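Novice: So that you have it, the file is run_26.txt, and it contains compact mmCIF, C-alpha atoms:
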# COMPACT_ATOMS: atom_id res chain seq x y z
CA MET A 1 -99.20 21.07 -29.25
CA GLN A 2 -100.81 21.47 -25.82
CA ALA A 3 -98.89 24.68 -25.22
CA THR A 4 -100.18 25.97 -28.52
CA ALA A 5 -103.74 25.12 -27.51
CA LYS A 6 -103.37 26.94 -24.19
CA HIS A 7 -101.95 30.04 -25.83
CA PRO A 8 -103.94 30.83 -28.96
CA PRO A 9 -102.46 33.27 -31.45
CA THR A 10 -103.04 36.93 -30.64
CA THR A 11 -105.41 38.89 -32.81
CA SER A 12 -105.38 42.54 -33.75
CA PRO A 13 -107.26 44.75 -31.31
CA PRO A 14 -110.34 46.55 -32.59
CA ALA A 15 -109.90 49.83 -34.39
CA GLU A 16 -112.04 51.88 -32.00
CA PRO A 17 -109.47 52.15 -29.15
CA ARG A 18 -107.00 53.52 -31.67
CA SER A 19 -109.46 56.17 -32.83
CA ARG A 20 -110.06 57.54 -29.34
CA PRO A 21 -106.61 59.09 -28.79
CA VAL A 22 -106.68 60.42 -32.36
CA ARG A 23 -110.03 62.15 -31.90
CA GLY A 24 -108.90 63.41 -28.50
CA ALA A 25 -105.73 64.86 -30.01
CA VAL A 26 -107.64 66.72 -32.71
CA ARG A 27 -110.11 68.03 -30.13
CA HIS A 28 -107.17 69.08 -27.96
CA ARG A 29 -105.76 71.14 -30.85
CA SER A 30 -109.07 72.99 -31.20
CA ILE A 31 -109.05 73.85 -27.49
CA GLN A 32 -105.45 75.04 -27.80
CA LEU A 33 -106.41 77.33 -30.68
CA ILE A 34 -109.31 78.84 -28.76
CA ILE A 35 -107.06 79.54 -25.77
CA ALA A 36 -104.34 80.99 -28.01
CA MET A 37 -106.83 83.32 -29.73
CA LEU A 38 -108.18 84.53 -26.40
CA LEU A 39 -104.68 85.21 -25.07
CA LEU A 40 -103.66 86.99 -28.27
CA SER A 41 -106.76 89.16 -28.12
CA VAL A 42 -106.07 90.11 -24.51
CA VAL A 43 -102.41 90.94 -25.14
CA VAL A 44 -102.95 92.96 -28.34
CA GLY A 45 -106.08 94.57 -26.92
CA ALA A 46 -104.12 95.79 -23.92
CA PHE A 47 -101.87 97.84 -26.22
CA HIS A 48 -104.44 98.60 -28.92
CA PRO A 49 -107.99 98.79 -27.48
CA GLY A 50 -109.46 99.08 -30.98
CA PHE A 51 -108.39 95.50 -31.65
CA VAL A 52 -111.14 94.14 -29.39
CA ALA A 53 -113.77 96.66 -30.48
CA ARG A 54 -116.97 95.13 -31.90
CA GLY A 55 -116.34 96.55 -35.35
CA ASN A 56 -112.91 94.94 -35.57
CA ILE A 57 -114.20 91.62 -34.24
CA GLU A 58 -116.86 91.63 -36.98
CA PHE A 59 -114.15 92.43 -39.53
CA ILE A 60 -111.99 89.50 -38.35
CA MET A 61 -114.95 87.11 -38.53
CA LEU A 62 -115.91 88.29 -42.01
CA ASP A 63 -112.29 88.19 -43.14
CA CYS A 64 -111.98 84.51 -42.27
CA VAL A 65 -115.17 83.37 -44.05
CA VAL A 66 -113.72 83.00 -47.56
CA LEU A 67 -110.60 81.26 -46.24
CA GLY A 68 -112.75 79.11 -43.95
CA LEU A 69 -114.89 77.91 -46.87
CA ILE A 70 -111.80 76.99 -48.88
CA ALA A 71 -110.20 75.32 -45.85
CA LEU A 72 -113.28 73.11 -45.43
CA GLY A 73 -112.71 71.62 -48.88
CA GLN A 74 -108.96 71.46 -48.40
CA THR A 75 -109.57 69.42 -45.23
CA PHE A 76 -111.26 66.64 -47.21
CA VAL A 77 -108.34 66.57 -49.65
CA ILE A 78 -105.58 66.53 -47.02
CA ILE A 79 -107.30 63.88 -44.90
CA SER A 80 -107.28 61.67 -48.02
CA ARG A 81 -103.50 62.30 -48.24
CA GLY A 82 -103.79 64.71 -51.15
CA ILE A 83 -103.35 68.44 -51.63
CA ASP A 84 -105.11 71.10 -53.72
CA LEU A 85 -102.97 74.04 -54.85
CA SER A 86 -105.57 75.20 -57.38
CA VAL A 87 -108.12 76.53 -54.88
CA ALA A 88 -106.88 80.11 -55.31
CA PRO A 89 -107.61 80.43 -59.06
CA ILE A 90 -110.85 78.44 -58.67
CA MET A 91 -111.96 81.06 -56.16
CA GLY A 92 -110.62 83.91 -58.29
CA LEU A 93 -112.11 82.68 -61.56
CA THR A 94 -115.51 82.24 -59.95
CA ALA A 95 -115.29 85.71 -58.43
CA VAL A 96 -114.57 87.44 -61.73
CA VAL A 97 -117.08 85.40 -63.75
CA THR A 98 -119.97 85.99 -61.36
CA GLY A 99 -118.88 89.58 -60.72
CA LEU A 100 -118.66 90.57 -64.37
CA MET A 101 -121.92 88.82 -65.21
CA ALA A 102 -123.58 90.59 -62.30
CA THR A 103 -122.39 94.04 -63.41
CA ARG A 104 -122.74 93.58 -67.18
CA ASP A 105 -125.71 91.24 -67.46
CA ALA A 106 -127.55 91.83 -64.16
CA LEU A 107 -127.10 88.19 -63.16
CA PRO A 108 -129.52 87.43 -60.27
CA LEU A 109 -127.90 86.39 -57.00
CA GLY A 110 -129.68 83.02 -56.93
CA THR A 111 -128.39 82.20 -60.40
CA ALA A 112 -124.91 83.37 -59.36
CA VAL A 113 -124.95 80.87 -56.48
CA LEU A 114 -125.72 78.01 -58.86
CA LEU A 115 -123.13 79.27 -61.35
CA SER A 116 -120.41 79.47 -58.70
CA LEU A 117 -121.14 75.91 -57.58
CA ALA A 118 -121.10 74.70 -61.19
CA ILE A 119 -117.74 76.35 -61.91
CA GLY A 120 -116.26 74.85 -58.76
CA LEU A 121 -117.60 71.39 -59.59
CA VAL A 122 -116.25 71.44 -63.16
CA LEU A 123 -112.79 72.63 -62.14
CA GLY A 124 -112.72 70.26 -59.18
CA ALA A 125 -113.68 67.41 -61.51
CA VAL A 126 -110.67 68.20 -63.71
CA ASN A 127 -108.38 67.80 -60.70
CA GLY A 128 -110.21 64.69 -59.52
CA LEU A 129 -110.02 62.94 -62.88
CA LEU A 130 -106.32 63.64 -63.30
CA VAL A 131 -105.52 62.42 -59.77
CA SER A 132 -107.88 59.45 -59.48
CA VAL A 133 -108.07 58.13 -63.05
CA VAL A 134 -104.87 59.28 -64.77
CA ARG A 135 -103.02 58.67 -61.47
CA ILE A 136 -100.85 61.78 -61.56
CA PRO A 137 -99.60 62.85 -58.10
CA PRO A 138 -101.90 65.49 -56.57
CA ILE A 139 -99.18 68.09 -56.09
CA ILE A 140 -98.25 67.87 -59.79
CA VAL A 141 -101.87 68.00 -60.97
CA THR A 142 -102.91 70.95 -58.84
CA LEU A 143 -99.68 72.84 -59.47
CA GLY A 144 -100.46 72.55 -63.18
CA THR A 145 -104.10 73.55 -62.80
CA LEU A 146 -103.01 76.43 -60.56
CA GLY A 147 -101.43 77.92 -63.67
CA LEU A 148 -104.15 76.72 -66.06
CA PHE A 149 -107.10 78.06 -64.07
CA GLY A 150 -105.19 81.27 -63.32
CA GLY A 151 -104.64 81.74 -67.05
CA LEU A 152 -108.36 81.28 -67.70
CA GLN A 153 -109.08 83.87 -65.04
CA PHE A 154 -106.80 86.37 -66.77
CA LEU A 155 -108.22 85.61 -70.22
CA TYR A 156 -111.80 86.01 -69.02
CA THR A 157 -111.19 89.41 -67.44
CA ASP A 158 -108.85 90.58 -70.23
CA GLY A 159 -107.15 92.62 -67.57
CA ASP A 160 -110.35 94.37 -66.45
CA GLN A 161 -111.24 94.89 -62.82
CA VAL A 162 -114.65 93.96 -61.45
CA THR A 163 -116.25 96.79 -59.47
CA ASP A 164 -119.67 98.05 -58.42
CA VAL A 165 -121.53 94.76 -58.08
CA PRO A 166 -125.31 95.09 -57.51
CA ALA A 167 -126.59 96.00 -54.06
CA GLY A 168 -128.11 92.54 -53.55
CA TYR A 169 -124.65 90.99 -53.70
CA ALA A 170 -123.26 93.46 -51.19
CA THR A 171 -126.11 92.68 -48.81
CA PHE A 172 -125.43 88.96 -49.16
CA GLY A 173 -121.73 89.46 -48.41
CA ASN A 174 -121.89 92.00 -45.59
CA ALA A 175 -125.31 92.14 -43.90
CA THR A 176 -125.77 91.06 -40.30
CA LEU A 177 -128.60 88.87 -39.10
CA VAL A 178 -128.28 90.36 -35.63
CA PRO A 179 -125.82 93.02 -34.41
CA GLY A 180 -122.35 91.49 -34.28
CA LEU A 181 -123.24 88.40 -36.32
CA PRO A 182 -122.63 88.81 -40.07
CA ARG A 183 -124.66 86.65 -42.43
CA PRO A 184 -121.61 85.06 -44.14
CA VAL A 185 -120.37 83.88 -40.73
CA VAL A 186 -123.67 82.09 -40.13
CA LEU A 187 -123.31 80.53 -43.58
CA LEU A 188 -119.80 79.31 -42.74
CA VAL A 189 -121.02 77.79 -39.48
CA ALA A 190 -123.85 75.99 -41.29
CA LEU A 191 -121.54 74.57 -43.98
CA THR A 192 -119.04 73.52 -41.31
CA LEU A 193 -121.79 71.55 -39.61
CA VAL A 194 -122.74 69.90 -42.92
CA CYS A 195 -119.12 68.94 -43.64
CA TRP A 196 -118.69 67.63 -40.09
CA LEU A 197 -121.76 65.43 -40.47
CA VAL A 198 -120.52 64.14 -43.84
CA LEU A 199 -117.08 63.23 -42.50
CA ARG A 200 -118.38 61.67 -39.29
CA TYR A 201 -121.59 59.91 -40.25
CA THR A 202 -121.51 59.01 -43.95
CA SER A 203 -119.78 56.18 -45.77
CA PHE A 204 -118.04 58.74 -47.98
CA GLY A 205 -116.54 60.42 -44.91
CA ARG A 206 -115.35 57.10 -43.48
CA ASN A 207 -113.86 56.22 -46.85
CA VAL A 208 -111.93 59.51 -46.92
CA PHE A 209 -110.28 58.65 -43.60
CA ALA A 210 -109.62 55.07 -44.69
CA VAL A 211 -107.94 56.15 -47.92
CA GLY A 212 -105.82 58.66 -46.04
CA ASN A 213 -104.75 56.09 -43.47
CA ASN A 214 -103.76 53.37 -45.92
CA GLU A 215 -104.85 53.42 -49.55
CA ARG A 216 -103.75 49.86 -50.22
CA ALA A 217 -105.63 48.50 -47.22
CA ALA A 218 -108.69 50.55 -48.16
CA ARG A 219 -108.66 49.06 -51.66
CA ALA A 220 -108.28 45.55 -50.23
CA ALA A 221 -111.30 46.21 -47.98
CA GLY A 222 -113.44 47.00 -51.01
CA ILE A 223 -113.53 50.76 -50.59
CA PRO A 224 -113.89 52.61 -53.94
CA VAL A 225 -110.60 54.45 -53.65
CA ARG A 226 -110.71 56.21 -57.03
CA LEU A 227 -114.28 57.39 -56.53
CA THR A 228 -113.41 58.64 -53.05
CA VAL A 229 -110.37 60.57 -54.27
CA PHE A 230 -112.43 62.02 -57.13
CA GLY A 231 -115.06 63.03 -54.59
CA VAL A 232 -112.72 64.98 -52.32
CA TYR A 233 -111.56 67.15 -55.24
CA LEU A 234 -115.18 67.77 -56.17
CA VAL A 235 -115.85 68.95 -52.61
CA SER A 236 -112.76 71.16 -52.66
CA GLY A 237 -113.68 72.71 -56.00
CA LEU A 238 -117.32 73.19 -54.97
CA LEU A 239 -116.43 75.08 -51.79
CA ALA A 240 -113.67 77.11 -53.48
CA GLY A 241 -116.13 78.15 -56.18
CA PHE A 242 -118.72 79.21 -53.65
CA ALA A 243 -116.00 81.07 -51.74
CA GLY A 244 -115.39 83.08 -54.92
CA LEU A 245 -118.98 84.29 -54.93
CA VAL A 246 -118.80 85.18 -51.23
CA TYR A 247 -115.57 87.07 -51.93
CA ILE A 248 -117.02 89.23 -54.71
CA ALA A 249 -120.17 89.84 -52.68
CA HIS A 250 -118.13 90.91 -49.64
CA THR A 251 -115.47 93.04 -51.34
CA ALA A 252 -117.43 94.18 -54.44
CA ALA A 253 -114.16 93.95 -56.39
CA ALA A 254 -112.00 91.34 -58.10
CA THR A 255 -109.11 91.28 -60.56
CA ALA A 256 -107.26 88.83 -62.81
CA THR A 257 -105.04 87.88 -59.87
CA THR A 258 -107.66 87.57 -57.13
CA GLY A 259 -106.94 84.49 -55.05
CA THR A 260 -103.39 83.87 -56.22
CA ALA A 261 -102.29 87.39 -55.23
CA GLU A 262 -103.57 86.75 -51.70
CA ASN A 263 -101.78 83.38 -51.66
CA VAL A 264 -105.04 81.66 -50.72
CA GLN A 265 -103.69 78.18 -51.48
CA LEU A 266 -100.92 78.58 -48.88
CA GLN A 267 -103.32 80.13 -46.37
CA SER A 268 -105.83 77.29 -46.75
CA ILE A 269 -103.14 74.66 -46.20
CA ALA A 270 -101.87 76.60 -43.18
CA ALA A 271 -105.38 76.82 -41.71
CA VAL A 272 -105.97 73.08 -42.13
CA LEU A 273 -102.63 72.08 -40.61
CA ILE A 274 -102.91 74.57 -37.76
CA GLY A 275 -106.36 73.09 -37.07
CA GLY A 276 -104.85 69.66 -36.44
CA THR A 277 -105.37 67.81 -39.72
CA ALA A 278 -102.37 65.60 -40.46
CA ILE A 279 -100.44 66.38 -43.64
CA SER A 280 -99.78 62.63 -43.84
CA GLY A 281 -103.53 61.98 -44.10
CA GLY A 282 -106.02 59.92 -42.13
CA ARG A 283 -106.61 62.36 -39.28
CA GLY A 284 -108.28 65.71 -38.90
CA GLY A 285 -111.56 67.58 -38.86
CA VAL A 286 -113.35 70.59 -40.28
CA LEU A 287 -113.89 72.38 -36.97
CA GLY A 288 -110.15 72.68 -36.46
CA SER A 289 -109.71 73.99 -40.00
CA VAL A 290 -112.27 76.75 -39.46
CA LEU A 291 -110.65 77.66 -36.15
CA GLY A 292 -107.31 77.68 -37.99
CA SER A 293 -108.77 80.13 -40.51
CA LEU A 294 -110.01 82.36 -37.70
CA PHE A 295 -106.62 82.11 -35.99
CA LEU A 296 -104.84 83.21 -39.18
CA SER A 297 -107.20 86.15 -39.63
CA LEU A 298 -106.69 87.14 -36.01
CA VAL A 299 -102.89 86.92 -36.27
CA LEU A 300 -102.70 88.90 -39.52
CA THR A 301 -104.98 91.60 -38.10
CA ALA A 302 -102.86 91.73 -34.94
CA LEU A 303 -99.78 92.27 -37.10
CA VAL A 304 -101.49 95.22 -38.78
CA PHE A 305 -102.36 96.76 -35.40
CA SER A 306 -98.77 96.19 -34.28
CA GLY A 307 -97.39 98.01 -37.31
CA VAL A 308 -95.68 95.00 -38.89
CA PRO A 309 -95.30 95.49 -42.68
CA ALA A 310 -97.63 93.33 -44.80
CA ILE A 311 -94.65 91.88 -46.70
CA TRP A 312 -93.99 89.69 -43.64
CA ASN A 313 -97.41 88.02 -43.80
CA THR A 314 -96.37 85.24 -46.18
CA ALA A 315 -93.26 84.51 -44.13
CA GLY A 316 -95.41 84.32 -41.01
CA GLU A 317 -97.81 81.89 -42.69
CA GLY A 318 -94.87 79.69 -43.68
CA VAL A 319 -93.62 79.66 -40.09
CA LEU A 320 -97.07 78.69 -38.84
CA ILE A 321 -97.17 75.77 -41.32
CA LEU A 322 -93.77 74.53 -40.08
CA VAL A 323 -94.89 74.83 -36.46
CA ALA A 324 -98.12 72.93 -37.24
CA VAL A 325 -96.19 70.11 -38.96
CA LEU A 326 -93.78 69.87 -36.02
CA LEU A 327 -96.70 69.70 -33.60
CA GLU A 328 -98.27 66.98 -35.73
CA ALA A 329 -95.04 64.95 -35.66
CA ARG A 330 -94.89 65.29 -31.88
CA LEU A 331 -98.58 64.41 -31.58
CA SER A 332 -98.13 61.26 -33.67
CA ARG A 333 -95.41 59.74 -31.47
CA PRO A 334 -97.63 58.58 -28.58
CA THR A 335 -99.94 56.67 -30.93
CA ALA A 336 -97.10 54.91 -32.74
CA GLY A 337 -97.15 51.95 -30.40
CA VAL A 338 -100.91 51.53 -30.79
CA GLU A 339 -100.64 51.77 -34.55
CA GLY A 340 -97.90 49.18 -34.55
CA ALA A 341 -100.10 46.84 -32.54
CA THR A 342 -102.85 47.05 -35.10
CA SER A 343 -100.69 46.44 -38.13
Go ahead and render the structure in this file as structure tokens.
Specialist:
Amino acid sequence: MQATAKHPPTTSPPAEPRSRPVRGAVRHRSIQLIIAMLLLSVVVGAFHPGFVARGNIEFIMLDCVVLGLIALGQTFVIISRGIDLSVAPIMGLTAVVTGLMATRDALPLGTAVLLSLAIGLVLGAVNGLLVSVVRIPPIIVTLGTLGLFGGLQFLYTDGDQVTDVPAGYATFGNATLVPGLPRPVVLLVALTLVCWLVLRYTSFGRNVFAVGNNERAARAAGIPVRLTVFGVYLVSGLLAGFAGLVYIAHTAAATATTGTAENVQLQSIAAVLIGGTAISGGRGGVLGSVLGSLFLSLVLTALVFSGVPAIWNTAGEGVLILVAVLLEARLSRPTAGVEGATS
């Protein structure tokens, strides 16, 4: 009994020490991406000087905006240990709806912004309800809605192509605030900051990480798991819908296969994983996802300059996903002992 008194039972260490190596690892991935992009630019630019010309740099930044917006929403979903395969048709459906209404009915840009957000919220809510309330696995739900929303996109267009959107849309999607800084890029930066603040400083953001780490423990701690899961699909749908409006404003064209034809769902997952968010949930951040989007845009543009056929793009994206998952597995090993101590 005296020995027991002298050696009280050990207690679990606080959670904060565990979070430090995790945050450091995610930050480390962002630094790695920045270095990799700089090295890639130097190497490709040495053989193709046009690659580092200001016009091409602006193109790469603009090219990553739509993917970056979708990746922001996908980050929330993957951190919660889910996945959203329906982001491509959500983006595409919003693009054709707003584009056709703009050309046929002279839809004002401000109204188009609200409409794109509403479409994204409604479609995101469908995913959220099926995952959080009906309790169908996310990959099954979003694989089904990938086909459902894509079918709605085709029915709405009836095979027509959207072209010649009003000049106000083109200005919104392509104008520069200052030389070398396109307006959509500034918008992406602002929304990235908002999402970062939400994940880091709000109870919803903390709940997303908690659910992704351990859903059962989160429920036992009183966290509204179903509401949190529903919320991440709302965020994903909202940002994918807005990305559709940015897409039609930037390209001034959309078809019945916009989004799915570009394999946006695979690209968004690749960007998030390359940016350091764990596919197993509970770890990640929006800054890495945006850098991952920029990295993908840079790589794909470099392939074009190098003369690699576009048919290899999807294969390259798949390889990058596998590399990101392998890096995540390697990154997770050092923290295993700490995690075991806290269990």
Novice: Please indicate the distance in Å from CA of Gly281 in chain A to CA of Leu239 in chain A, rounded to one decimal place.
Specialist: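 Computing it gives 19.9 Å between the two atoms.
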Novice: Measure the distance from CA of Ile35 in chain A to CA of Ala53 in chain A in Å and round it to one decimal.
Specialist: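 Computing the Euclidean distance for CA of Ile35 in chain A and CA of Ala53 in chain A yields 19.0 Å.
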Novice: Mind listing as a PyMOL selection string all residues within 10 Å of (-116.5, 69.9, -43.8), counting all atoms listed in the file?
Specialist: chain A and resi 68-76+190-200+205+235-236+239+285-287+289-290
Novice: Keeping only C-alpha atoms, write the selected residues as a JSON list (two decimals), keeping the file's coordinate frame.
Specialist:
[["chain", "number", "residue", "atom", "x", "y", "z"],
["A", 68, "GLY", "CA", -112.75, 79.11, -43.95],
["A", 69, "LEU", "CA", -114.89, 77.91, -46.87],
["A", 70, "ILE", "CA", -111.80, 76.99, -48.88],
["A", 71, "ALA", "CA", -110.20, 75.32, -45.85],
["A", 72, "LEU", "CA", -113.28, 73.11, -45.43],
["A", 73, "GLY", "CA", -112.71, 71.62, -48.88],
["A", 74, "GLN", "CA", -108.96, 71.46, -48.40],
["A", 75, "THR", "CA", -109.57, 69.42, -45.23],
["A", 76, "PHE", "CA", -111.26, 66.64, -47.21],
["A", 190, "ALA", "CA", -123.85, 75.99, -41.29],
["A", 191, "LEU", "CA", -121.54, 74.57, -43.98],
["A", 192, "THR", "CA", -119.04, 73.52, -41.31],
["A", 193, "LEU", "CA", -121.79, 71.55, -39.61],
["A", 194, "VAL", "CA", -122.74, 69.90, -42.92],
["A", 195, "CYS", "CA", -119.12, 68.94, -43.64],
["A", 196, "TRP", "CA", -118.69, 67.63, -40.09],
["A", 197, "LEU", "CA", -121.76, 65.43, -40.47],
["A", 198, "VAL", "CA", -120.52, 64.14, -43.84],
["A", 199, "LEU", "CA", -117.08, 63.23, -42.50],
["A", 200, "ARG", "CA", -118.38, 61.67, -39.29],
["A", 205, "GLY", "CA", -116.54, 60.42, -44.91],
["A", 235, "VAL", "CA", -115.85, 68.95, -52.61],
["A", 236, "SER", "CA", -112.76, 71.16, -52.66],
["A", 239, "LEU", "CA", -116.43, 75.08, -51.79],
["A", 285, "GLY", "CA", -111.56, 67.58, -38.86],
["A", 286, "VAL", "CA", -113.35, 70.59, -40.28],
["A", 287, "LEU", "CA", -113.89, 72.38, -36.97],
["A", 289, "SER", "CA", -109.71, 73.99, -40.00],
["A", 290, "VAL", "CA", -112.27, 76.75, -39.46]]
Novice: Write out as a PyMOL selection string which residues come within 12 Å of Met101 in chain A when counting all atoms listed in the file, dropping same-chain ones fewer than 2 positions away.
Specialist: chain A and resi 94-99+103-109+111-112+115-116+156-157+162-166+245+248
Novice: Which is closest to Phe154 in chain A among A:Leu38, A:Val229, A:Leu93, A:Ala249, if we use only C-alpha atoms?
Specialist: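 Among the listed residues, A:Leu93 lies closest to Phe154 in chain A.
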Novice: Please provide as an MDAnalysis selection string all residues within 12 Å of Glu317 in chain A, with the sequence filter that same-chain residues fewer than 2 positions apart are discarded (counting only C-alpha atoms).
Specialist: chainID A and resid 262:271 273:274 292:293 295:297 299:300 303 310:315 319:324
Novice: Those same residues - C-alpha atoms - I'd like them written as a PDB file, in the frame of the given file.
Specialist:
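Once everything was written out, this is again_6.pdb:
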ATOM      1  CA  GLU A 262    -103.570  86.750 -51.700  1.00  0.00           C
ATOM      2  CA  ASN A 263    -101.780  83.380 -51.660  1.00  0.00           C
ATOM      3  CA  VAL A 264    -105.040  81.660 -50.720  1.00  0.00           C
ATOM      4  CA  GLN A 265    -103.690  78.180 -51.480  1.00  0.00           C
ATOM      5  CA  LEU A 266    -100.920  78.580 -48.880  1.00  0.00           C
ATOM      6  CA  GLN A 267    -103.320  80.130 -46.370  1.00  0.00           C
ATOM      7  CA  SER A 268    -105.830  77.290 -46.750  1.00  0.00           C
ATOM      8  CA  ILE A 269    -103.140  74.660 -46.200  1.00  0.00           C
ATOM      9  CA  ALA A 270    -101.870  76.600 -43.180  1.00  0.00           C
ATOM     10  CA  ALA A 271    -105.380  76.820 -41.710  1.00  0.00           C
ATOM     11  CA  LEU A 273    -102.630  72.080 -40.610  1.00  0.00           C
ATOM     12  CA  ILE A 274    -102.910  74.570 -37.760  1.00  0.00           C
ATOM     13  CA  GLY A 292    -107.310  77.680 -37.990  1.00  0.00           C
ATOM     14  CA  SER A 293    -108.770  80.130 -40.510  1.00  0.00           C
ATOM     15  CA  PHE A 295    -106.620  82.110 -35.990  1.00  0.00           C
ATOM     16  CA  LEU A 296    -104.840  83.210 -39.180  1.00  0.00           C
ATOM     17  CA  SER A 297    -107.200  86.150 -39.630  1.00  0.00           C
ATOM     18  CA  VAL A 299    -102.890  86.920 -36.270  1.00  0.00           C
ATOM     19  CA  LEU A 300    -102.700  88.900 -39.520  1.00  0.00           C
ATOM     20  CA  LEU A 303     -99.780  92.270 -37.100  1.00  0.00           C
ATOM     21  CA  ALA A 310     -97.630  93.330 -44.800  1.00  0.00           C
ATOM     22  CA  ILE A 311     -94.650  91.880 -46.700  1.00  0.00           C
ATOM     23  CA  TRP A 312     -93.990  89.690 -43.640  1.00  0.00           C
ATOM     24  CA  ASN A 313     -97.410  88.020 -43.800  1.00  0.00           C
ATOM     25  CA  THR A 314     -96.370  85.240 -46.180  1.00  0.00           C
ATOM     26  CA  ALA A 315     -93.260  84.510 -44.130  1.00  0.00           C
ATOM     27  CA  VAL A 319     -93.620  79.660 -40.090  1.00  0.00           C
ATOM     28  CA  LEU A 320     -97.070  78.690 -38.840  1.00  0.00           C
ATOM     29  CA  ILE A 321     -97.170  75.770 -41.320  1.00  0.00           C
ATOM     30  CA  LEU A 322     -93.770  74.530 -40.080  1.00  0.00           C
ATOM     31  CA  VAL A 323     -94.890  74.830 -36.460  1.00  0.00           C
ATOM     32  CA  ALA A 324     -98.120  72.930 -37.240  1.00  0.00           C
TER      33      ALA A 324
END
Novice: Just how far from CA of Ile119 in chain A is CA of Ile223 in chain A, in Å to one decimal?
Specialist: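 So the answer is 28.3 Å.
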Novice: Find the residues with any atom within 6 Å of (-115.3, 64.9, -57.9); use all atoms listed in the file and the coordinates as given in the file, and write the answer as number ranges by chain.
Specialist: A: 125, 128, 230-231, 233-234
Novice: How about saving the chosen residues, C-alpha atoms kept, as a PDB file, in the coordinates of the input?
Specialist:
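Listing of result28.pdb after writing:
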ATOM      1  CA  ALA A 125    -113.680  67.410 -61.510  1.00  0.00           C
ATOM      2  CA  GLY A 128    -110.210  64.690 -59.520  1.00  0.00           C
ATOM      3  CA  PHE A 230    -112.430  62.020 -57.130  1.00  0.00           C
ATOM      4  CA  GLY A 231    -115.060  63.030 -54.590  1.00  0.00           C
ATOM      5  CA  TYR A 233    -111.560  67.150 -55.240  1.00  0.00           C
ATOM      6  CA  LEU A 234    -115.180  67.770 -56.170  1.00  0.00           C
TER       7      LEU A 234
END
Novice: Find the residue from A:Val246, A:Leu100, A:Ala221, A:Leu33 that sits nearest to Asp160 in chain A; use all atoms listed in the file when measuring.
Specialist: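 Using all atoms listed in the file, the shortest distance to Asp160 in chain A belongs to A:Leu100.
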Novice: I'd like the neighbourhood of Val66 in chain A as a list in words, where a residue qualifies if any of its atoms comes within 8 Å (using all atoms listed in the file), though same-chain residues fewer than 6 positions away should be ignored.
Specialist: Ala243, Gly244, Val246 and Tyr247 of chain A
Novice: My list of candidates is A:Gly288, A:Pro137, A:Gly159, A:Gly173. Which is closest to Ile34 in chain A when distances are computed with all atoms listed in the file?
Specialist: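 Ranking A:Gly288, A:Pro137, A:Gly159, A:Gly173 by distance to Ile34 in chain A, first place goes to A:Gly288.
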Novice: Can you patch up range 173-184 of chain A, filling it in to N, CA and C atoms, and show the result as a short mmCIF file (atom, residue, chain, number, x, y, z; two decimals), in the coordinates of the input?
Specialist:
data_model
loop_
_atom_site.label_atom_id
_atom_site.label_comp_id
_atom_site.auth_asym_id
_atom_site.auth_seq_id
_atom_site.Cartn_x
_atom_site.Cartn_y
_atom_site.Cartn_z
N GLY A 173 -123.10 89.63 -48.90
CA GLY A 173 -121.73 89.46 -48.41
C GLY A 173 -121.39 90.25 -47.17
N ASN A 174 -122.27 91.14 -46.71
CA ASN A 174 -121.89 92.00 -45.59
C ASN A 174 -122.98 92.19 -44.53
N ALA A 175 -124.22 91.87 -44.84
CA ALA A 175 -125.31 92.14 -43.90
C ALA A 175 -125.18 91.29 -42.65
N THR A 176 -125.75 91.78 -41.57
CA THR A 176 -125.77 91.06 -40.30
C THR A 176 -127.18 90.60 -39.99
N LEU A 177 -127.29 89.37 -39.51
CA LEU A 177 -128.60 88.87 -39.10
C LEU A 177 -129.05 89.54 -37.82
N VAL A 178 -128.10 89.61 -36.87
CA VAL A 178 -128.28 90.36 -35.63
C VAL A 178 -127.00 91.15 -35.42
N PRO A 179 -127.03 92.23 -34.63
CA PRO A 179 -125.82 93.02 -34.41
C PRO A 179 -124.65 92.14 -33.94
N GLY A 180 -123.54 92.25 -34.65
CA GLY A 180 -122.35 91.49 -34.28
C GLY A 180 -122.26 90.12 -34.91
N LEU A 181 -123.26 89.73 -35.71
CA LEU A 181 -123.24 88.40 -36.32
C LEU A 181 -123.51 88.52 -37.82
N PRO A 182 -122.45 88.67 -38.62
CA PRO A 182 -122.63 88.81 -40.07
C PRO A 182 -123.22 87.56 -40.70
N ARG A 183 -124.00 87.76 -41.74
CA ARG A 183 -124.66 86.65 -42.43
C ARG A 183 -123.67 85.63 -42.99
N PRO A 184 -122.56 86.06 -43.63
CA PRO A 184 -121.61 85.06 -44.14
C PRO A 184 -121.02 84.17 -43.05
#
